[in-house]
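Trainee: Please find one structure pasted underneath; my questions will follow.
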Amino acid sequence: MTAQPAARNSDHSMFDPRTETMPREALRILQTERLSSVLNHVYERVPHYRKAFDAAGVKPSDLRTLADIARFPFTVKTDLRDNYPFGLFALPREKLIRLHASSGTTGKPTVVGYSPGDLDRWSDLMARSFACAGAKPGDLVHNAYGYGLFTGGLGAHYGAERLGCTVVPMSGGGTERQVSLLQDFGANVLCATPSYALNIAEVAETMGANLQKSPLRLGLFGAEPWSSGMRRDIERRLGIQAIDIYGLSEIMGPGVACECCEVQNGLHGWEDHFLFEVVDPKTLQPLPIGESGELVITTLTKEALPMIRYRTRDITSLSDEPCRCGRTHVRIMRVTGRDDDMLIIRGVNVYPSQVEAVLVGFPGVSPHYQIVLTREGALDAMTVEVERTPDTGGSEADIARKAEEVRHHIKSLIGVTCKVVVRAPGEVPRSQGKAVRVKDLRNKTNA
Ligand code: DLL
């Protein structure tokens, strides 16, 4: 292999500089080798994949170049549910040392499992992500991701330890206590969902705790979509740099991709362990790099639960433009929503993140919101519940004026007609983990 180019910042901030700056051609060769091996692994060990490959008329040996991946079938969430709980595992359950699960809104949970090697690689990739975000060995990491079946808590925990940080395993909830310990311990790094980070910032303000003056300088936020307005708000209120981190349990958990603190424009997806594609969500045909569509991921090194062409439902695009940080791995642009989050209100397609983008920074309203869907006759109707800031007037006339301003803004920027309800400060439910942005009452309301 040719010599690796020196990375601009290899002196301090990369966890694995050699791999993170690998020339793209070398990465492609590595991916092809690993892909071929994982296709063989699942064909031999997982009846579901053998059946699916046979039905599609492909064999692992048909893979000659990376582009041949397009001949292989997709995997979807229902494949995991249909094989509940352990049917897609490529190793006997006794060889696994950890299970996680995501609850989902309907039916059985999705169960995922890890071999010792899988956990080791996950810790490395999370350590890589922490370092990419700007964390350093010796930092004190306050981890407010939920511990338990959710992958956020333990994923961040082991990654931060692997980097050499001191971890405070807080989990979510008990927000006053979180604020006190953030201050008392002098945390440098906060891990949380963005909506919970905002909740922490707000509680700190009401407690009179000035986190902006504390040693806190960095946040790794993910597990739900968030807008750039929300990022600015969190950065201002906590006095930190807020970094976007992405992942999903079916693929590993957090740490599949992470923004670099140098550029913060797209999340480096770790291509030595994952193959990323973007496909048209309707035709399922691969799209050229740069075009927006559904992200599809194949794991290249997972032993217990390899995933072949997993349809994430997340909408994004890829960029292979060189990044100033020196990392060569592809960038996954900010995930603004899932295709199954899309609402169709009177014929207009709306993502909750678009509503958020209108609300964050809007004068007189706080960035807490909820979208309530109801049915009016044959049509879906959307009510946006926002909250006035404590310094905004609460008279009937003030509230009516604010509601009209917000309604008008949503109509002119997103093109959708909705009702707006302005609530008093503190009335919109606060998040402790993943925020519930949409309350769907359509089956309960039919005028
Ligand atoms: O949310 C893993 C995670 C934990 C990622 C902590 C980042 C930080 P799941 O519960 O399986 O796993 O949910 C995965 O959450 O398909 C996206 O729709 C969404 N998601 C995750 N990260 C982001 C992000 C974890 N940075 C699903 N931006 C994914 C937007 C995200 N959406």
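Ordered as shown in the structure tokens, chains take letters A, B, and onward, while each chain numbers its residues from 1 and ligands are numbered from 1 in the order shown.
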Taking only C-alpha atoms and all ligand atoms into account, report as a PDB file with C-alpha atoms, in the first residue's frame which residues have an atom no farther than 7 Å from an atom of ligand 1.
Mentor:
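That gives us part_3.pdb:
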```pdb
ATOM      1  CA  SER A 102     -35.393  -0.965  20.055  1.00  0.00           C
ATOM      2  CA  TYR A 145     -27.939   8.955  26.714  1.00  0.00           C
ATOM      3  CA  PHE A 150     -31.167   1.618  23.813  1.00  0.00           C
ATOM      4  CA  THR A 151     -27.693   1.582  22.255  1.00  0.00           C
ATOM      5  CA  GLY A 152     -26.926   5.247  23.056  1.00  0.00           C
ATOM      6  CA  THR A 193     -30.116  13.678  22.338  1.00  0.00           C
ATOM      7  CA  PHE A 221     -25.747  14.908  19.950  1.00  0.00           C
ATOM      8  CA  GLY A 222     -27.711  12.442  17.858  1.00  0.00           C
ATOM      9  CA  ALA A 223     -30.352   9.702  17.818  1.00  0.00           C
ATOM     10  CA  GLU A 224     -32.962  12.069  16.341  1.00  0.00           C
ATOM     11  CA  PRO A 225     -33.105  14.683  13.597  1.00  0.00           C
ATOM     12  CA  TRP A 226     -32.233  18.240  14.583  1.00  0.00           C
ATOM     13  CA  ASP A 244     -23.821  15.611  15.126  1.00  0.00           C
ATOM     14  CA  ILE A 245     -23.371  11.860  15.629  1.00  0.00           C
ATOM     15  CA  TYR A 246     -25.361   9.219  13.764  1.00  0.00           C
ATOM     16  CA  GLY A 247     -26.060   5.552  14.072  1.00  0.00           C
ATOM     17  CA  LEU A 248     -28.752   2.936  14.382  1.00  0.00           C
ATOM     18  CA  SER A 249     -29.074  -0.226  16.408  1.00  0.00           C
ATOM     19  CA  GLU A 250     -29.582  -2.512  13.420  1.00  0.00           C
ATOM     20  CA  GLY A 253     -25.585   1.820  17.470  1.00  0.00           C
ATOM     21  CA  PRO A 254     -24.092   5.307  17.702  1.00  0.00           C
ATOM     22  CA  GLY A 255     -20.763   5.859  15.954  1.00  0.00           C
ATOM     23  CA  THR A 312     -32.413   2.829   7.038  1.00  0.00           C
ATOM     24  CA  ARG A 313     -35.364   4.971   5.810  1.00  0.00           C
ATOM     25  CA  ASP A 314     -33.145   7.973   6.597  1.00  0.00           C
ATOM     26  CA  ARG A 334     -27.145  15.784   8.014  1.00  0.00           C
ATOM     27  CA  VAL A 335     -30.124  13.423   8.231  1.00  0.00           C
ATOM     28  CA  THR A 336     -33.129  15.711   8.266  1.00  0.00           C
ATOM     29  CA  GLY A 337     -35.760  13.032   8.635  1.00  0.00           C
ATOM     30  CA  ARG A 338     -36.932   9.570   7.764  1.00  0.00           C
TER      31      ARG A 338
END
```
Trainee: Excluding segment 423-438 of chain A and residues on its chain fewer than 6 positions from it, collect all residues at most 8 Å away from it, counting only C-alpha atoms, and give them as a PyMOL selection string.
Mentor: chain A and resi 145-146+172-173+192-193+195-196+199+223-224+352+368-373+385-390+394
Trainee: For segment 123-212 of chain A versus segment 262-270 of chain A, which residues have an atom no more than 10 Å away, and what is each residue's nearest atom pair and distance in Å rounded to one decimal, using only C-alpha atoms, chain-then-number order, as a Markdown table?
Mentor:
```
| residue | atom | partner | partner_atom | distance |
| --- | --- | --- | --- | --- |
| A:Leu125 | CA | A:Trp270 | CA | 7.7 |
| A:Arg128 | CA | A:Trp270 | CA | 9.2 |
| A:Ser129 | CA | A:His268 | CA | 8.7 |
| A:Cys132 | CA | A:Glu262 | CA | 8.6 |
| A:Ala133 | CA | A:Glu262 | CA | 8.3 |
| A:Gly134 | CA | A:Glu262 | CA | 8.3 |
```
Trainee: One number please: atom CA of Tyr114 of chain A to atom CA of Pro92 of chain A, in Å, one decimal.
Mentor: 11.0 Å
Trainee: According to DSSP computed on the backbone, where in segment 20-262 of chain A is there strand (DSSP E or B)? Give the residues as a count of residues only.
Mentor: 43
Trainee: How many Å lie between atom CA of Lys419 of chain A and atom CA of Val406 of chain A, rounded to one decimal?
Mentor: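 We find that atom CA of Lys419 of chain A and atom CA of Val406 of chain A lie 9.3 Å from each other.
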Trainee: Given the choices A:Gly155, A:Pro137, A:Gly208, A:Gly347, which gets closest to Ala381 of chain A if the distance is worked out from only C-alpha atoms?
Mentor: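 Checking each candidate against Ala381 of chain A, we get A:Gly347 as the closest.
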